[in-house]
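> Enclosed is the structure file start.csv (CSV, C-alpha atoms).
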chain,number,residue,atom,x,y,z
H,37,MET,CA,-6.5,46.2,-21.7
H,38,ARG,CA,-8.2,44.4,-18.9
H,39,THR,CA,-9.2,41.5,-21.0
H,40,ARG,CA,-5.7,41.2,-22.2
H,41,PHE,CA,-4.5,41.0,-18.6
H,42,ILE,CA,-7.1,38.3,-17.8
H,43,ILE,CA,-6.0,36.3,-20.9
H,44,PHE,CA,-2.4,36.6,-19.7
H,45,LEU,CA,-3.4,35.4,-16.3
H,46,LEU,CA,-5.3,32.5,-17.7
H,47,ILE,CA,-2.4,31.5,-20.0
H,48,SER,CA,0.1,31.7,-17.2
H,49,THR,CA,-2.0,29.6,-14.8
H,50,PHE,CA,-2.4,27.1,-17.6
H,51,ILE,CA,1.3,26.9,-18.2
H,52,HIS,CA,2.3,26.6,-14.6
H,53,ALA,CA,-0.6,24.6,-13.3
H,54,ASN,CA,0.1,20.9,-12.5
H,55,LYS,CA,-2.3,18.8,-14.5
H,56,VAL,CA,-1.7,15.9,-12.1
H,57,GLU,CA,-2.4,17.1,-8.6
H,58,ILE,CA,-1.8,15.2,-5.4
H,59,VAL,CA,-5.4,15.7,-4.6
H,60,LYS,CA,-7.7,18.2,-6.2
H,61,GLY,CA,-6.6,21.7,-5.3
H,62,LEU,CA,-3.2,20.6,-4.0
H,63,PRO,CA,-0.7,20.6,-6.8
H,64,PHE,CA,2.3,20.1,-4.6
H,65,VAL,CA,3.7,20.3,-1.1
H,66,THR,CA,7.0,21.7,0.1
H,67,VAL,CA,9.4,20.1,2.5
H,68,GLU,CA,12.8,21.1,3.7
H,69,VAL,CA,15.9,19.3,2.2
H,70,GLU,CA,19.4,20.3,3.4
H,71,GLY,CA,18.0,23.6,4.6
H,72,LYS,CA,16.3,24.4,1.3
H,73,ILE,CA,12.7,24.4,0.3
H,74,PHE,CA,11.9,21.4,-1.9
H,75,LYS,CA,8.8,20.8,-3.9
H,76,ILE,CA,7.1,17.3,-4.0
H,77,GLU,CA,4.6,16.8,-6.8
H,78,ARG,CA,3.4,14.1,-9.1
H,79,ASN,CA,4.7,13.2,-12.5
H,80,GLN,CA,3.4,15.6,-15.2
H,81,VAL,CA,4.8,13.8,-18.2
H,82,LYS,CA,2.2,12.1,-20.3
H,83,ASP,CA,2.4,8.4,-20.8
H,84,SER,CA,5.0,7.8,-18.1
H,85,TYR,CA,5.6,4.3,-16.8
H,86,LEU,CA,7.4,2.8,-13.9
H,87,THR,CA,10.3,1.0,-15.5
H,88,ASN,CA,13.2,0.9,-13.0
H,89,THR,CA,13.9,-1.9,-10.5
H,90,PHE,CA,10.7,-0.9,-8.6
H,91,ALA,CA,8.6,-2.4,-11.4
H,92,LEU,CA,10.0,-5.8,-10.5
H,93,THR,CA,7.1,-8.0,-9.3
H,94,SER,CA,8.9,-10.9,-7.7
H,95,ARG,CA,11.7,-10.5,-5.2
H,96,PRO,CA,13.3,-13.8,-4.0
H,97,SER,CA,12.2,-15.1,-0.6
H,98,PRO,CA,13.9,-15.1,1.7
H,99,PRO,CA,14.6,-12.4,2.4
H,100,PHE,CA,11.6,-10.7,0.7
H,101,PHE,CA,8.1,-11.4,1.8
H,102,ILE,CA,4.8,-9.4,1.7
H,103,GLU,CA,4.5,-7.5,4.9
H,104,PRO,CA,1.3,-7.4,6.8
H,105,PHE,CA,-0.7,-4.1,6.6
H,106,SER,CA,0.2,-3.3,10.2
H,107,VAL,CA,3.4,-3.9,12.0
H,108,SER,CA,1.8,-4.2,15.4
H,109,GLU,CA,-1.5,-3.3,17.0
H,110,GLY,CA,-1.5,0.4,17.9
H,111,ILE,CA,1.0,1.5,15.4
H,112,GLU,CA,-0.6,3.5,12.6
H,113,THR,CA,0.1,2.7,9.0
H,114,TYR,CA,0.3,5.7,6.8
H,115,GLY,CA,-0.5,6.3,3.1
H,116,GLU,CA,1.0,9.0,0.9
H,117,LEU,CA,-1.3,11.8,2.0
H,118,GLU,CA,-0.5,11.1,5.6
H,119,VAL,CA,3.2,11.0,4.8
H,120,LEU,CA,3.1,14.3,3.0
H,121,ASP,CA,1.2,15.9,5.9
H,122,PHE,CA,3.8,14.6,8.4
H,123,ILE,CA,6.8,15.8,6.4
H,124,SER,CA,5.5,19.1,5.3
H,125,LYS,CA,4.4,20.0,8.8
H,126,LYS,CA,7.5,18.5,10.4
H,127,LYS,CA,5.6,16.4,12.8
H,128,GLY,CA,8.6,14.3,13.7
H,129,LEU,CA,11.5,12.5,12.2
H,130,PHE,CA,11.1,10.9,8.8
H,131,ILE,CA,13.3,7.8,8.6
H,132,ASP,CA,14.4,5.8,5.6
H,133,ALA,CA,15.3,2.5,7.3
H,134,ARG,CA,17.0,0.9,4.3
H,135,LEU,CA,20.6,0.0,4.0
H,136,SER,CA,22.6,3.0,2.8
H,137,ASN,CA,23.3,1.6,-0.7
H,138,TRP,CA,19.5,1.7,-1.4
H,139,TYR,CA,19.1,5.2,0.0
H,140,LYS,CA,22.0,6.6,-2.0
H,141,ARG,CA,20.3,5.7,-5.2
H,142,SER,CA,17.0,7.4,-4.6
H,143,ALA,CA,14.9,8.3,-1.6
H,144,ILE,CA,11.8,10.3,-0.5
H,145,PRO,CA,12.7,14.0,-0.1
H,146,SER,CA,13.4,15.1,3.5
H,147,SER,CA,14.0,11.6,4.8
H,148,LEU,CA,16.9,10.8,7.0
H,149,ASN,CA,18.7,7.5,6.4
H,150,ILE,CA,19.1,5.4,9.6
H,151,SER,CA,19.6,1.8,8.5
H,152,PHE,CA,17.4,-0.8,10.3
H,153,LYS,CA,20.7,-2.5,11.4
H,154,HIS,CA,21.5,0.4,13.8
H,155,PHE,CA,18.3,-0.3,15.7
H,156,LEU,CA,18.9,-4.0,16.3
H,157,ASP,CA,21.7,-4.8,18.7
H,158,GLU,CA,23.2,-3.0,21.6
H,159,SER,CA,26.1,-1.1,20.1
H,160,ASP,CA,27.7,2.3,20.1
H,161,GLU,CA,25.8,3.0,16.9
H,162,GLN,CA,22.5,2.1,18.6
H,163,THR,CA,23.2,4.3,21.5
H,164,LYS,CA,24.0,7.2,19.2
H,165,VAL,CA,20.8,6.6,17.2
H,166,PHE,CA,18.6,6.3,20.3
H,167,LYS,CA,20.0,9.5,21.7
H,168,ARG,CA,19.3,11.3,18.5
H,169,LEU,CA,15.7,10.2,18.7
H,170,GLY,CA,15.4,11.7,22.1
H,171,GLY,CA,15.9,8.6,24.2
H,172,VAL,CA,17.5,8.8,27.6
H,173,LEU,CA,19.6,6.0,28.9
H,174,ASN,CA,19.0,5.0,32.5
H,175,GLU,CA,22.4,3.6,33.1
H,176,SER,CA,21.7,2.0,36.5
H,177,GLN,CA,18.9,0.0,35.1
H,178,ASP,CA,20.4,-0.3,31.6
H,179,LYS,CA,17.1,0.8,30.1
H,180,TRP,CA,16.0,3.4,27.6
H,181,ASP,CA,13.4,6.0,28.4
H,182,PHE,CA,11.6,7.3,25.2
H,183,LYS,CA,8.8,9.1,27.0
H,184,HIS,CA,10.0,12.4,25.5
H,185,ALA,CA,11.4,11.0,22.3
H,186,LYS,CA,10.4,12.2,18.8
H,187,THR,CA,7.5,10.8,16.8
H,188,LEU,CA,9.0,8.6,14.0
H,189,LEU,CA,7.7,7.8,10.6
H,190,LEU,CA,9.6,4.9,9.0
H,191,TYR,CA,9.6,3.5,5.4
H,192,CYS,CA,11.6,1.3,3.2
H,193,ASN,CA,11.2,-0.2,-0.3
H,194,GLY,CA,7.5,-1.1,-0.1
H,195,ALA,CA,5.1,-3.9,0.7
H,196,TRP,CA,7.7,-6.5,0.1
H,197,CYS,CA,10.4,-4.9,2.3
H,198,GLY,CA,10.9,-5.9,5.9
H,199,GLN,CA,13.5,-3.3,6.8
H,200,SER,CA,11.3,-0.7,8.4
H,201,PRO,CA,9.0,-3.2,10.2
H,202,THR,CA,12.2,-4.8,11.6
H,203,ALA,CA,13.4,-1.3,12.8
H,204,ILE,CA,10.0,-0.6,14.3
H,205,ASN,CA,9.9,-4.0,16.2
H,206,ALA,CA,13.4,-3.3,17.6
H,207,LEU,CA,12.2,0.1,18.8
H,208,LEU,CA,9.2,-1.5,20.4
H,209,GLU,CA,11.4,-4.0,22.2
H,210,ASN,CA,13.4,-1.2,23.6
H,211,GLY,CA,10.3,0.5,25.0
H,212,TYR,CA,9.5,3.1,22.3
H,213,PRO,CA,5.8,4.2,22.8
H,214,LYS,CA,3.5,2.8,20.1
H,215,GLU,CA,1.8,6.1,19.5
H,216,LYS,CA,5.1,7.6,18.6
H,217,LEU,CA,5.7,5.1,15.8
H,218,LYS,CA,4.2,5.4,12.3
H,219,TYR,CA,4.8,3.0,9.3
H,220,TYR,CA,4.6,4.0,5.6
H,221,ARG,CA,4.1,0.5,4.1
H,222,GLY,CA,3.8,1.6,0.5
H,223,GLY,CA,7.4,2.8,0.6
H,224,MET,CA,9.5,3.6,-2.4
H,225,GLN,CA,7.4,1.4,-4.7
H,226,SER,CA,4.0,3.0,-4.1
H,227,TRP,CA,5.6,6.4,-4.0
H,228,GLN,CA,7.0,6.0,-7.5
H,229,LEU,CA,4.0,4.3,-8.8
H,230,LEU,CA,2.0,7.4,-8.0
H,231,GLY,CA,4.7,9.5,-9.8
H,232,LEU,CA,5.7,11.3,-6.7
H,233,THR,CA,9.0,13.2,-6.6
H,234,THR,CA,12.1,11.3,-5.4
H,235,ILE,CA,15.6,12.7,-4.7
H,236,VAL,CA,19.2,11.4,-5.0
H,237,PRO,CA,20.5,12.4,-1.5
H,238,LYS,CA,23.8,14.2,-1.4
H,239,GLU,CA,26.7,12.2,0.0
H,240,LYS,CA,27.7,13.3,3.5
H,241,LYS,CA,31.3,14.0,3.8
V,171,MET,CA,26.9,-37.6,-14.5
V,172,ARG,CA,23.6,-37.9,-16.2
V,173,ILE,CA,21.9,-39.0,-13.1
V,174,ILE,CA,23.2,-36.0,-11.2
V,175,LEU,CA,21.9,-33.8,-14.0
V,176,LEU,CA,18.5,-35.4,-13.9
V,177,LEU,CA,18.4,-35.1,-10.1
V,178,PHE,CA,19.3,-31.5,-10.4
V,179,ILE,CA,16.5,-30.8,-12.9
V,180,TYR,CA,14.1,-32.7,-10.8
V,181,THR,CA,14.9,-30.8,-7.6
V,182,LEU,CA,14.8,-27.5,-9.6
V,183,SER,CA,11.4,-28.3,-11.1
V,184,SER,CA,9.8,-29.5,-7.9
V,185,TYR,CA,11.2,-26.5,-6.2
V,186,ALA,CA,9.6,-24.2,-8.7
V,187,GLY,CA,6.4,-26.3,-8.5
V,188,GLN,CA,6.0,-25.3,-4.9
V,189,PHE,CA,6.2,-21.6,-5.6
V,190,SER,CA,8.7,-21.2,-2.9
V,191,LYS,CA,11.2,-19.1,-4.8
V,192,VAL,CA,9.0,-16.1,-4.5
V,193,LYS,CA,6.7,-16.7,-1.5
V,194,ILE,CA,3.9,-14.7,-0.1
V,195,THR,CA,4.8,-14.8,3.6
V,196,PRO,CA,7.4,-17.1,5.3
V,197,GLU,CA,4.6,-19.6,5.9
V,198,ILE,CA,2.6,-19.3,2.7
V,199,SER,CA,3.7,-20.0,-0.9
V,200,TYR,CA,0.2,-20.2,-2.3
V,201,ILE,CA,-3.5,-20.6,-1.4
V,202,TYR,CA,-6.5,-22.0,-3.2
V,203,VAL,CA,-9.5,-19.9,-3.7
V,204,TYR,CA,-12.8,-20.6,-5.5
V,205,HIS,CA,-13.5,-18.5,-8.6
V,206,LYS,CA,-16.8,-19.1,-10.3
V,207,GLY,CA,-16.9,-22.6,-8.8
V,208,LYS,CA,-13.4,-23.6,-9.8
V,209,ALA,CA,-10.4,-23.9,-7.5
V,210,VAL,CA,-7.6,-21.4,-8.5
V,211,LYS,CA,-4.1,-21.5,-7.1
V,212,VAL,CA,-3.1,-18.0,-6.0
V,213,HIS,CA,0.7,-17.5,-5.8
V,214,ARG,CA,3.2,-15.0,-7.0
V,215,ILE,CA,5.1,-14.9,-10.4
V,216,GLN,CA,8.3,-16.9,-9.8
V,217,ASP,CA,10.4,-15.2,-12.4
V,218,THR,CA,12.5,-12.8,-10.4
V,219,SER,CA,13.3,-10.7,-13.4
V,220,ASN,CA,9.7,-10.1,-14.3
V,221,LYS,CA,8.6,-6.4,-14.4
V,222,LEU,CA,5.1,-5.0,-14.4
V,223,THR,CA,4.3,-3.4,-17.8
V,224,GLY,CA,1.2,-2.1,-19.4
V,225,GLU,CA,-1.5,0.3,-18.0
V,226,TYR,CA,-1.0,-0.7,-14.4
V,227,ALA,CA,2.6,0.4,-14.6
V,228,MET,CA,1.5,3.9,-15.6
V,229,THR,CA,2.6,6.7,-13.3
V,230,TYR,CA,0.9,9.6,-15.1
V,231,ARG,CA,-2.6,9.8,-13.6
V,232,PRO,CA,-4.3,13.2,-14.2
V,233,HIS,CA,-7.5,13.8,-12.2
V,234,ARG,CA,-6.9,10.8,-10.0
V,235,ASP,CA,-6.5,12.0,-6.5
V,236,ILE,CA,-4.3,9.9,-4.1
V,237,GLN,CA,-6.6,8.3,-1.6
V,238,PRO,CA,-6.3,8.6,2.1
V,239,ILE,CA,-5.2,5.5,4.0
V,240,LYS,CA,-8.7,5.1,5.6
V,241,VAL,CA,-12.2,5.6,4.2
V,242,THR,CA,-13.6,6.3,7.6
V,243,LYS,CA,-12.5,5.8,11.2
V,244,ASP,CA,-14.4,2.5,11.5
V,245,VAL,CA,-13.7,0.7,8.3
V,246,LYS,CA,-10.5,-1.3,8.3
V,247,THR,CA,-8.0,-1.0,5.5
V,248,ILE,CA,-6.2,-4.2,4.6
V,249,GLY,CA,-3.2,-5.3,2.6
V,250,GLU,CA,-2.5,-8.4,0.5
V,251,VAL,CA,-1.8,-10.8,3.4
V,252,GLU,CA,-5.1,-9.8,5.1
V,253,LEU,CA,-6.9,-10.1,1.7
V,254,LEU,CA,-5.6,-13.6,1.2
V,255,HIS,CA,-6.9,-14.5,4.7
V,256,PHE,CA,-10.2,-13.0,3.8
V,257,MET,CA,-10.4,-15.1,0.6
V,258,LYS,CA,-9.5,-18.3,2.4
V,259,ASN,CA,-11.5,-17.9,5.6
V,260,LYS,CA,-14.5,-15.9,4.3
V,261,VAL,CA,-15.0,-16.1,0.5
V,262,ASN,CA,-14.1,-19.8,0.3
V,263,LYS,CA,-16.6,-20.5,3.1
V,264,LYS,CA,-19.3,-18.3,1.6
V,265,GLN,CA,-19.2,-16.0,4.6
V,266,GLY,CA,-17.7,-13.1,2.6
V,267,VAL,CA,-17.6,-11.5,-0.8
V,268,LEU,CA,-14.7,-9.8,-2.6
V,269,VAL,CA,-16.1,-7.0,-4.8
V,270,ASP,CA,-14.3,-5.5,-7.8
V,271,LEU,CA,-15.7,-2.0,-8.4
V,272,ARG,CA,-13.9,-1.4,-11.7
V,273,THR,CA,-15.8,-1.4,-15.1
V,274,LYS,CA,-17.2,-4.6,-16.6
V,275,ASN,CA,-14.5,-4.5,-19.3
V,276,GLU,CA,-11.6,-4.1,-16.9
V,277,TYR,CA,-13.0,-7.0,-14.8
V,278,LYS,CA,-13.4,-9.1,-17.9
V,279,ASP,CA,-9.8,-8.6,-18.9
V,280,GLU,CA,-8.3,-9.5,-15.6
V,281,SER,CA,-9.2,-9.6,-11.9
V,282,ILE,CA,-8.2,-10.9,-8.5
V,283,PRO,CA,-9.3,-14.5,-8.2
V,284,SER,CA,-12.6,-15.0,-6.3
V,285,ALA,CA,-13.8,-11.5,-7.0
V,286,VAL,CA,-17.2,-10.6,-8.3
V,287,ASN,CA,-17.8,-7.5,-10.3
V,288,ILE,CA,-20.1,-4.7,-9.2
V,289,PRO,CA,-19.3,-1.8,-11.6
V,290,PHE,CA,-19.1,1.4,-9.5
V,291,GLU,CA,-21.9,3.1,-11.6
V,292,VAL,CA,-24.4,0.6,-10.1
V,293,MET,CA,-24.2,2.8,-6.9
V,294,SER,CA,-26.7,5.2,-8.5
V,295,ASN,CA,-29.2,2.5,-9.4
V,296,LYS,CA,-31.5,2.1,-6.4
V,297,VAL,CA,-33.1,-1.1,-7.6
V,298,LYS,CA,-29.8,-2.8,-8.2
V,299,VAL,CA,-28.3,-1.6,-4.9
V,300,GLU,CA,-31.4,-3.1,-3.1
V,301,LYS,CA,-30.7,-6.4,-4.9
V,302,ILE,CA,-27.1,-6.4,-3.9
V,303,LEU,CA,-28.0,-5.7,-0.3
V,304,LYS,CA,-30.4,-8.7,-0.4
V,305,VAL,CA,-27.7,-11.0,-1.8
V,306,LEU,CA,-25.4,-9.9,0.9
V,307,GLY,CA,-27.9,-11.0,3.5
V,308,ALA,CA,-29.6,-7.7,4.5
V,309,LYS,CA,-33.3,-7.8,5.0
V,310,ARG,CA,-35.6,-4.8,4.3
V,311,LEU,CA,-38.2,-4.8,7.1
V,312,ALA,CA,-41.8,-3.7,6.8
V,313,ASP,CA,-41.0,-0.3,8.5
V,314,GLY,CA,-38.4,0.4,5.8
V,315,SER,CA,-35.4,-0.2,8.0
V,316,LEU,CA,-32.6,-2.6,7.1
V,317,ASP,CA,-31.8,-5.6,9.2
V,318,THR,CA,-28.1,-6.2,8.9
V,319,SER,CA,-27.7,-8.7,11.7
V,320,LYS,CA,-26.8,-11.5,9.2
V,321,VAL,CA,-24.9,-9.8,6.5
V,322,LEU,CA,-21.8,-11.2,4.9
V,323,ASP,CA,-18.4,-9.6,5.2
V,324,VAL,CA,-17.4,-7.5,2.1
V,325,THR,CA,-14.0,-6.4,0.9
V,326,PHE,CA,-14.0,-3.7,-1.8
V,327,TYR,CA,-11.2,-2.9,-4.2
V,328,CYS,CA,-10.8,-0.9,-7.4
V,329,SER,CA,-7.9,0.1,-9.6
V,330,GLY,CA,-5.4,1.3,-7.1
V,331,LEU,CA,-4.1,3.9,-4.6
V,332,TRP,CA,-5.5,6.7,-6.9
V,333,CYS,CA,-8.9,5.2,-7.4
V,334,LYS,CA,-11.8,6.7,-5.4
V,335,LYS,CA,-14.5,4.2,-6.4
V,336,SER,CA,-14.0,2.1,-3.3
V,337,SER,CA,-14.2,4.9,-0.8
V,338,MET,CA,-17.2,6.4,-2.4
V,339,PHE,CA,-19.0,3.0,-2.6
V,340,ILE,CA,-18.2,2.2,1.0
V,341,LYS,CA,-19.4,5.5,2.2
V,342,SER,CA,-22.8,5.0,0.4
V,343,PHE,CA,-23.0,1.5,1.8
V,344,LEU,CA,-22.5,2.9,5.3
V,345,GLU,CA,-25.2,5.5,4.7
V,346,LEU,CA,-27.5,2.6,3.7
V,347,GLY,CA,-26.9,1.1,7.1
V,348,TYR,CA,-24.3,-1.6,6.3
V,349,PRO,CA,-22.2,-2.1,9.4
V,350,ALA,CA,-18.7,-0.7,9.3
V,351,ASP,CA,-17.2,-3.8,10.9
V,352,LYS,CA,-18.5,-5.9,8.0
V,353,ILE,CA,-16.6,-3.9,5.5
V,354,LEU,CA,-12.9,-4.1,4.5
V,355,TYR,CA,-11.0,-1.8,2.1
V,356,TYR,CA,-8.2,-3.1,0.0
V,357,ARG,CA,-6.6,0.2,-0.8
V,358,GLY,CA,-3.8,-1.2,-2.9
V,359,GLY,CA,-6.3,-2.5,-5.4
V,360,PHE,CA,-5.6,-4.2,-8.7
V,361,GLN,CA,-2.4,-2.2,-9.3
V,362,MET,CA,-0.7,-3.3,-6.1
V,363,TRP,CA,-1.9,-6.9,-6.6
V,364,LYS,CA,-0.3,-6.8,-10.1
V,365,ILE,CA,3.0,-5.2,-9.0
V,366,LEU,CA,3.5,-7.8,-6.4
V,367,GLY,CA,3.1,-10.5,-9.1
V,368,PHE,CA,0.0,-12.2,-7.8
V,369,THR,CA,-2.1,-14.6,-9.8
V,370,THR,CA,-5.0,-13.0,-11.8
V,371,VAL,CA,-7.8,-14.5,-13.7
V,372,THR,CA,-9.7,-13.5,-16.9
V,373,ASN,CA,-13.5,-13.5,-16.8
Could you show the structure in this file as structure tokens?


Amino acid sequence: MRTRFIIFLLISTFIHANKVEIVKGLPFVTVEVEGKIFKIERNQVKDSYLTNTFALTSRPSPPFFIEPFSVSEGIETYGELEVLDFISKKKGLFIDARLSNWYKRSAIPSSLNISFKHFLDESDEQTKVFKRLGGVLNESQDKWDFKHAKTLLLYCNGAWCGQSPTAINALLENGYPKEKLKYYRGGMQSWQLLGLTTIVPKEKK
Amino acid sequence: MRIILLLFIYTLSSYAGQFSKVKITPEISYIYVYHKGKAVKVHRIQDTSNKLTGEYAMTYRPHRDIQPIKVTKDVKTIGEVELLHFMKNKVNKKQGVLVDLRTKNEYKDESIPSAVNIPFEVMSNKVKVEKILKVLGAKRLADGSLDTSKVLDVTFYCSGLWCKKSSMFIKSFLELGYPADKILYYRGGFQMWKILGFTTVTN
């Protein structure tokens, strides 16, 4: 009886276990998407290849160039493990800085789309975004105070994408503290090359 | 009409010849590096419809842990732009070495230009490691300690974001006394080099 139970246990672990783990002992992490628990794991299907537009090697320049490893001194660059830690523990706001047409097609789960354009010039949209991040506008000096603002992690399409670095630079110019800004340079391309789960975000009505 | 057509073809071909359709950075379209004594032009594939295929496009990687962004606090991680600077300012001037830690066969098939191959397994061969340290400019002193005051800069890479060879090799190098500020880690590795359409060489 007992052996049968053990065999059952072994079989069920075998069936449910992820063969491809994020790192050894960590088969998946969970994040919150639209109020629901969502699982991020790696591709478990044998012989899978990246074949979509993210397999393209050569985007025309301009506008596409290879981005430096770091946006600016003092701003941490993250890899996938650091991203997963940040989003699973909700350490701050995870921002997809791409134009919305990119985001709509596929994105990293739990990310919020705020296009880099909204960070650039003084506008109602910018004011809305900066307030959402926790910024306080000092109207008399016409200056933003981000001392108590959220920590942000920004990403876009990958090493050849300038959208998140552009957003980060705009935030810096407006006085956002460096230690509150993180950059996931690998972006959508590295994420998918590692077979990590993506999501097609629901349209907001 | 014919002249216009010829002019058109001429501009098109000279344009392509400069590798400026798909550039590296706004300032750089290509650089020259020395690979086994020969100058190699390193640029990106100019065909904007080209896709990565083959084993480096594979997304199913069992037992290949995703690697952290840093090996240790003190060793710098770099991307492609910094790697190209390293090749130009260090490797070309014989002040630095780019090390490919993949297997002999993988290296033979295709590698980053200017890289030399030290298969990861060499790490467990004390005699060979000692030789490598010597080539890199380290001196074993009479009391057994290692003088690293004149060592070369070294950048390590392996297959990609899921390859642990670089971090393991770097850690053992640090234990042997190689200074952290003389080591760089190209985490993207051969996979990111390929997916960005950079020039490769066969060995």

> Atom CA of Lys274 of chain V and atom CA of Tyr327 of chain V are how many Å apart?

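Interatomic distance here is 13.9 Å.
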
> Excluding Phe101 of chain H and any residue of its chain fewer than 3 positions from it, enumerate the residues within 12 Å of it, using only C-alpha atoms, and give them as number ranges by chain.

H: 93-98, 104, 193-199, 201; V: 190-199, 214, 250-251, 366

> Tell me as a PDB file with C-alpha atoms, in the coordinates of the input which residues belonging to chain V come within 7 Å of chain H, counting all atoms listed in the file.


ATOM      1  CA  LYS V 191      11.200 -19.100  -4.800  1.00  0.00           C
ATOM      2  CA  VAL V 192       9.000 -16.100  -4.500  1.00  0.00           C
ATOM      3  CA  LYS V 193       6.700 -16.700  -1.500  1.00  0.00           C
ATOM      4  CA  ILE V 194       3.900 -14.700  -0.100  1.00  0.00           C
ATOM      5  CA  THR V 195       4.800 -14.800   3.600  1.00  0.00           C
ATOM      6  CA  PRO V 196       7.400 -17.100   5.300  1.00  0.00           C
ATOM      7  CA  ILE V 215       5.100 -14.900 -10.400  1.00  0.00           C
ATOM      8  CA  GLN V 216       8.300 -16.900  -9.800  1.00  0.00           C
ATOM      9  CA  ASP V 217      10.400 -15.200 -12.400  1.00  0.00           C
ATOM     10  CA  THR V 218      12.500 -12.800 -10.400  1.00  0.00           C
ATOM     11  CA  SER V 219      13.300 -10.700 -13.400  1.00  0.00           C
ATOM     12  CA  ASN V 220       9.700 -10.100 -14.300  1.00  0.00           C
ATOM     13  CA  LYS V 221       8.600  -6.400 -14.400  1.00  0.00           C
ATOM     14  CA  LEU V 222       5.100  -5.000 -14.400  1.00  0.00           C
ATOM     15  CA  ALA V 227       2.600   0.400 -14.600  1.00  0.00           C
ATOM     16  CA  MET V 228       1.500   3.900 -15.600  1.00  0.00           C
ATOM     17  CA  THR V 229       2.600   6.700 -13.300  1.00  0.00           C
ATOM     18  CA  TYR V 230       0.900   9.600 -15.100  1.00  0.00           C
ATOM     19  CA  ARG V 231      -2.600   9.800 -13.600  1.00  0.00           C
ATOM     20  CA  PRO V 232      -4.300  13.200 -14.200  1.00  0.00           C
ATOM     21  CA  HIS V 233      -7.500  13.800 -12.200  1.00  0.00           C
ATOM     22  CA  ASP V 235      -6.500  12.000  -6.500  1.00  0.00           C
ATOM     23  CA  ILE V 236      -4.300   9.900  -4.100  1.00  0.00           C
ATOM     24  CA  PRO V 238      -6.300   8.600   2.100  1.00  0.00           C
ATOM     25  CA  ILE V 239      -5.200   5.500   4.000  1.00  0.00           C
ATOM     26  CA  ILE V 248      -6.200  -4.200   4.600  1.00  0.00           C
ATOM     27  CA  GLY V 249      -3.200  -5.300   2.600  1.00  0.00           C
ATOM     28  CA  VAL V 251      -1.800 -10.800   3.400  1.00  0.00           C
ATOM     29  CA  ILE V 365       3.000  -5.200  -9.000  1.00  0.00           C
ATOM     30  CA  LEU V 366       3.500  -7.800  -6.400  1.00  0.00           C
ATOM     31  CA  GLY V 367       3.100 -10.500  -9.100  1.00  0.00           C
TER      32      GLY V 367
END

> List every protein, DNA or RNA residue with an atom no more than 8 Å from (12.9, 11.5, 23.5) in the file's coordinates, counting only C-alpha atoms, and format the result as a ChimeraX atom specification.

/H:167,169-172,181-186

> Distance atom CA of Lys208 of chain V-atom CA of Pro289 of chain V, one decimal place?

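Atom-to-atom, atom CA of Lys208 of chain V to atom CA of Pro289 of chain V, that is 22.7 Å.
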
> If we draw a sphere of 8 Å around (-12.2, -14.7, -6.8), which residues have at least one atom in it when counting only C-alpha atoms? Please report them as an MDAnalysis selection string.

chainID V and resid 203:206 257 261 268 281:286

> In Å, with one decimal, what is the gap from atom CA of Met338 of chain V to atom CA of Ser108 of chain H?

28.1 Å

> So, counting all atoms listed in the file, which residue among V:Gly330, V:Gly307, V:Gly359, V:Pro349 is closest to Lys264 of chain V?

V:Gly307

> Write out as a PyMOL selection string the residues lying within 7 Å of segment 317-323 of chain V, counting all atoms listed in the file and excluding same-chain residues fewer than 5 positions away.

chain V and resi 265-267+306-311+348+352-353

> Tell me which of V:Thr372, V:Thr325, V:Gln237, V:Ser336 sits closest to Asp351 of chain V, counting all atoms listed in the file.

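Result for the nearest residue to Asp351 of chain V: V:Thr325.
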
> Determine the nearest neighbour of Ser337 of chain V from the options V:Thr369, V:Asn287, V:Thr247, V:Asn262, counting only C-alpha atoms.

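Checking each of V:Thr369, V:Asn287, V:Thr247, V:Asn262 against Ser337 of chain V, counting only C-alpha atoms, the winner is V:Thr247.
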
> Of the candidates H:Ile76, H:Ile111, H:Cys192, H:Leu173, which shows the shortest atom-to-atom distance to Asn149 of chain H, using only C-alpha atoms?

H:Cys192

> Could you name the residues that touch Phe130 of chain H at 12 Å or less, counting all atoms listed in the file, but leaving out those on the same chain fewer than 3 positions away, as a PyMOL selection string?

chain H and resi 67-69+119-127+133+143-150+169+186-192+200+216-220

> Give the centre and edge lengths of an axis-aligned box, in Å to one decimal, that holds all listed atoms of segment 350-354 of chain V with 8 Å on each side, as AutoDock Vina command-line options.


--center_x -15.8 --center_y -3.3 --center_z 7.7 --size_x 21.8 --size_y 21.2 --size_z 22.4

> Just segment 352-364 of chain V, please, as a PDB file, in the first residue's frame (only C-alpha atoms).


ATOM      1  CA  LYS V 352      40.861  43.159 -14.683  1.00  0.00           C
ATOM      2  CA  ILE V 353      37.911  40.902 -15.487  1.00  0.00           C
ATOM      3  CA  LEU V 354      34.818  41.656 -17.573  1.00  0.00           C
ATOM      4  CA  TYR V 355      31.777  39.432 -18.108  1.00  0.00           C
ATOM      5  CA  TYR V 356      29.894  39.488 -21.410  1.00  0.00           C
ATOM      6  CA  ARG V 357      26.717  37.852 -20.144  1.00  0.00           C
ATOM      7  CA  GLY V 358      24.830  37.938 -23.443  1.00  0.00           C
ATOM      8  CA  GLY V 359      27.412  35.572 -24.860  1.00  0.00           C
ATOM      9  CA  PHE V 360      27.401  34.016 -28.287  1.00  0.00           C
ATOM     10  CA  GLN V 361      23.605  33.845 -28.437  1.00  0.00           C
ATOM     11  CA  MET V 362      23.071  37.599 -28.028  1.00  0.00           C
ATOM     12  CA  TRP V 363      25.974  38.312 -30.378  1.00  0.00           C
ATOM     13  CA  LYS V 364      24.200  36.177 -32.999  1.00  0.00           C
TER      14      LYS V 364
END
